[in-house]
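Undergrad: Mind looking over this structure? Questions follow.
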Amino acid sequence: MPVKTYLVTGGAGFIGSNYINYMLKKYGESIRIINLDKLTYAGNLENLKEVETNKNYTFVKGDICDKGLVTKLFRENDIDRVVHFAAESHVDRSIRNPETFVVTNVLGTMVLLNAAKDAWVQADGTFAEGKKFLHVSTDEVYGSLGETGYFYETTPYDPHSPYSASKASSDLLVKSYMDTYGFPANITNCSNNYGPFQFPEKLIPLMIYNALSGKELPVYGDGLNIRDWLYVEDHVKGIDMVQEKGRLFQTYNIGGHNEKTNIEIVHIILDTLQKFLGDGDERKAKINNGLIRFVQDRKGHDRRYAIAPDKIRAEVGWYPETNFEEGIRKTIRWYLDNEEWKDHVLNGEYQKYYDEMYSQK
Ligand code: NAD
Ligand code: DAU
């Protein structure tokens, strides 16, 4: 079997690093991965310690918007698969500074699409067998649900934040390349992920670290917004399965049927930390509901997300293997066992942002 070459973008971030670690473990020497990542505040090579010396893994520091670099990567490597994670991914940041979201998420995606199309198209306009592009997207493109109902692949797009609008735009670009050129791609739209290596600006790691350091836990609005949580390893398995077994040109929704309000999540984190910390640990006494602080709501805050993962289950055979109780225990255990990880990922730029955000909550 020839070795398949993957170009993974954003592989130093949360989901991308979990994907690379999983893929190299699963496929061993039968795949080669090139990880193109700009190493923004959210990207960290600490997440890839496990694979850094693997001879089938190469890291390239660079920007997906850099047309020269991306074209060169396609010219110099016979890339079979693209798995595109690179993005600005945090909604709160997009509300403060939408511009970088449009540049990376929209223009960056177009640069990648063009480079892959030019490298893969044949003289007759068709695409070489086996070449595939997977665009990793989000359920936030569908907008917000009321108390009932689910997001299906056919749900009309209705993004509300600059982040979700930029992801929706990138999805539509991918779709346009499939429709116009027959470009061999898939789109996956996934719900909220949690697990190891998630940057501590997102709800779950932020609450874990704040509780451990006795800081307040800022809950936006009434705390009753609902997210549909999926353990990150289930997401990366789903991405791999879509590329291996999915029908080209299709969108697949990925989600865990695991809806929780934000305040429920915070209580689960507090209870689990209480159980995990030893009686001699002085932090234990400070971890209680008194840390919870209801703060000003996020602007344009979507009320509820919930994915119907019926299509990926029926066509690809994917289903979420990790239930929330197990996943959150594994996650909290990981953050406790890897407390030094936080010091590696919090660079000066992020700390400044964090202090600013925190002082307003
Ligand atoms: P993340 O913010 O943790 O990581 C993003 C990575 O992309 C970082 O390593 C960063 O350095 C890199 N990057 C950013 N701009 C870049 C650029 N211009 N060029 C090259 N690299 C760049 O994000 P994440 O949570 O791992 O999300 C990955 C993808 O999955 C995103 O596309 C996001 O929209 C999507 N997604 C995330 C979730 C979630 O819950 N986190 C759910 C569904 C979909
Ligand atoms: O649904 C998929 C999306 O999930 C991904 O596309 C995004 O990249 C990812 O960041 C995530 O977006 P959310 O906005 O849902 O995630 P976040 O962790 O920022 O917030 C989860 C919920 O918790 C949301 O309702 C806002 C709330 N929240 C968040 C933070 C950071 C708080 O109440 N307090 C906080 O401090």
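By order in the structure tokens, chains are A, B, ...; within a chain, residues start at 1; ligands start at 1, following the order shown.
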Please identify the helix (DSSP H, G or I) residues within region 122-207 of chain A (assignment by DSSP from backbone atoms) and present them as an NGL selection string.

TA: :A and (139-142 or 162-181 or 203-207)

Undergrad: Tell me which protein, DNA and RNA residues are within 12 Å of Gly255 (chain A), counting only C-alpha atoms, leaving out same-chain ones fewer than 2 positions away, and put them as a VMD selection string.

TA: chain A and resid 138 to 139 150 to 153 188 to 194 227 to 236 238 to 239 252 to 253 257 to 259 305 to 313 318 to 324

Undergrad: Show which residues sit within 8 Å of region 20-27 of chain A, as an NGL selection string. Count only C-alpha atoms, and ignore same-chain residues fewer than 2 positions away.

TA: :A and (11 or 16-18 or 29-31 or 33 or 48 or 50-51 or 233 or 236)

Undergrad: Go ahead and save the residues from that selection, with C-alpha atoms, as a compact mmCIF listing (two decimals), in the first residue's frame.

TA:
# COMPACT_ATOMS: atom_id res chain seq x y z
CA GLY A 11 -2.73 20.89 13.67
CA GLY A 16 -6.05 19.42 15.12
CA SER A 17 -3.48 18.13 17.62
CA ASN A 18 -5.90 15.49 18.90
CA GLU A 29 3.75 4.22 8.89
CA SER A 30 1.03 4.00 6.27
CA ILE A 31 0.42 7.74 6.45
CA ILE A 33 1.32 14.08 7.99
CA LEU A 48 2.30 17.42 19.71
CA GLU A 50 3.98 12.63 21.41
CA VAL A 51 4.68 12.77 17.68
CA GLU A 233 -11.62 11.92 20.25
CA VAL A 236 -11.50 13.20 15.20

Undergrad: Using only C-alpha atoms, determine which residues lie at most 12 Å from region 72-82 of chain A, disregarding the query and same-chain residues fewer than 2 positions distant; provide the list as a PyMOL selection string.

TA: chain A and resi 2-11+31-36+58-64+66-70+84-86+109+111-120+127-136+184-187+239-240+243-244

Undergrad: When you count only C-alpha atoms and all ligand atoms, which of these residues is closest to ligand 1: A:Thr272, A:Ser170, A:Ser176, A:Thr71?

TA: A:Ser170
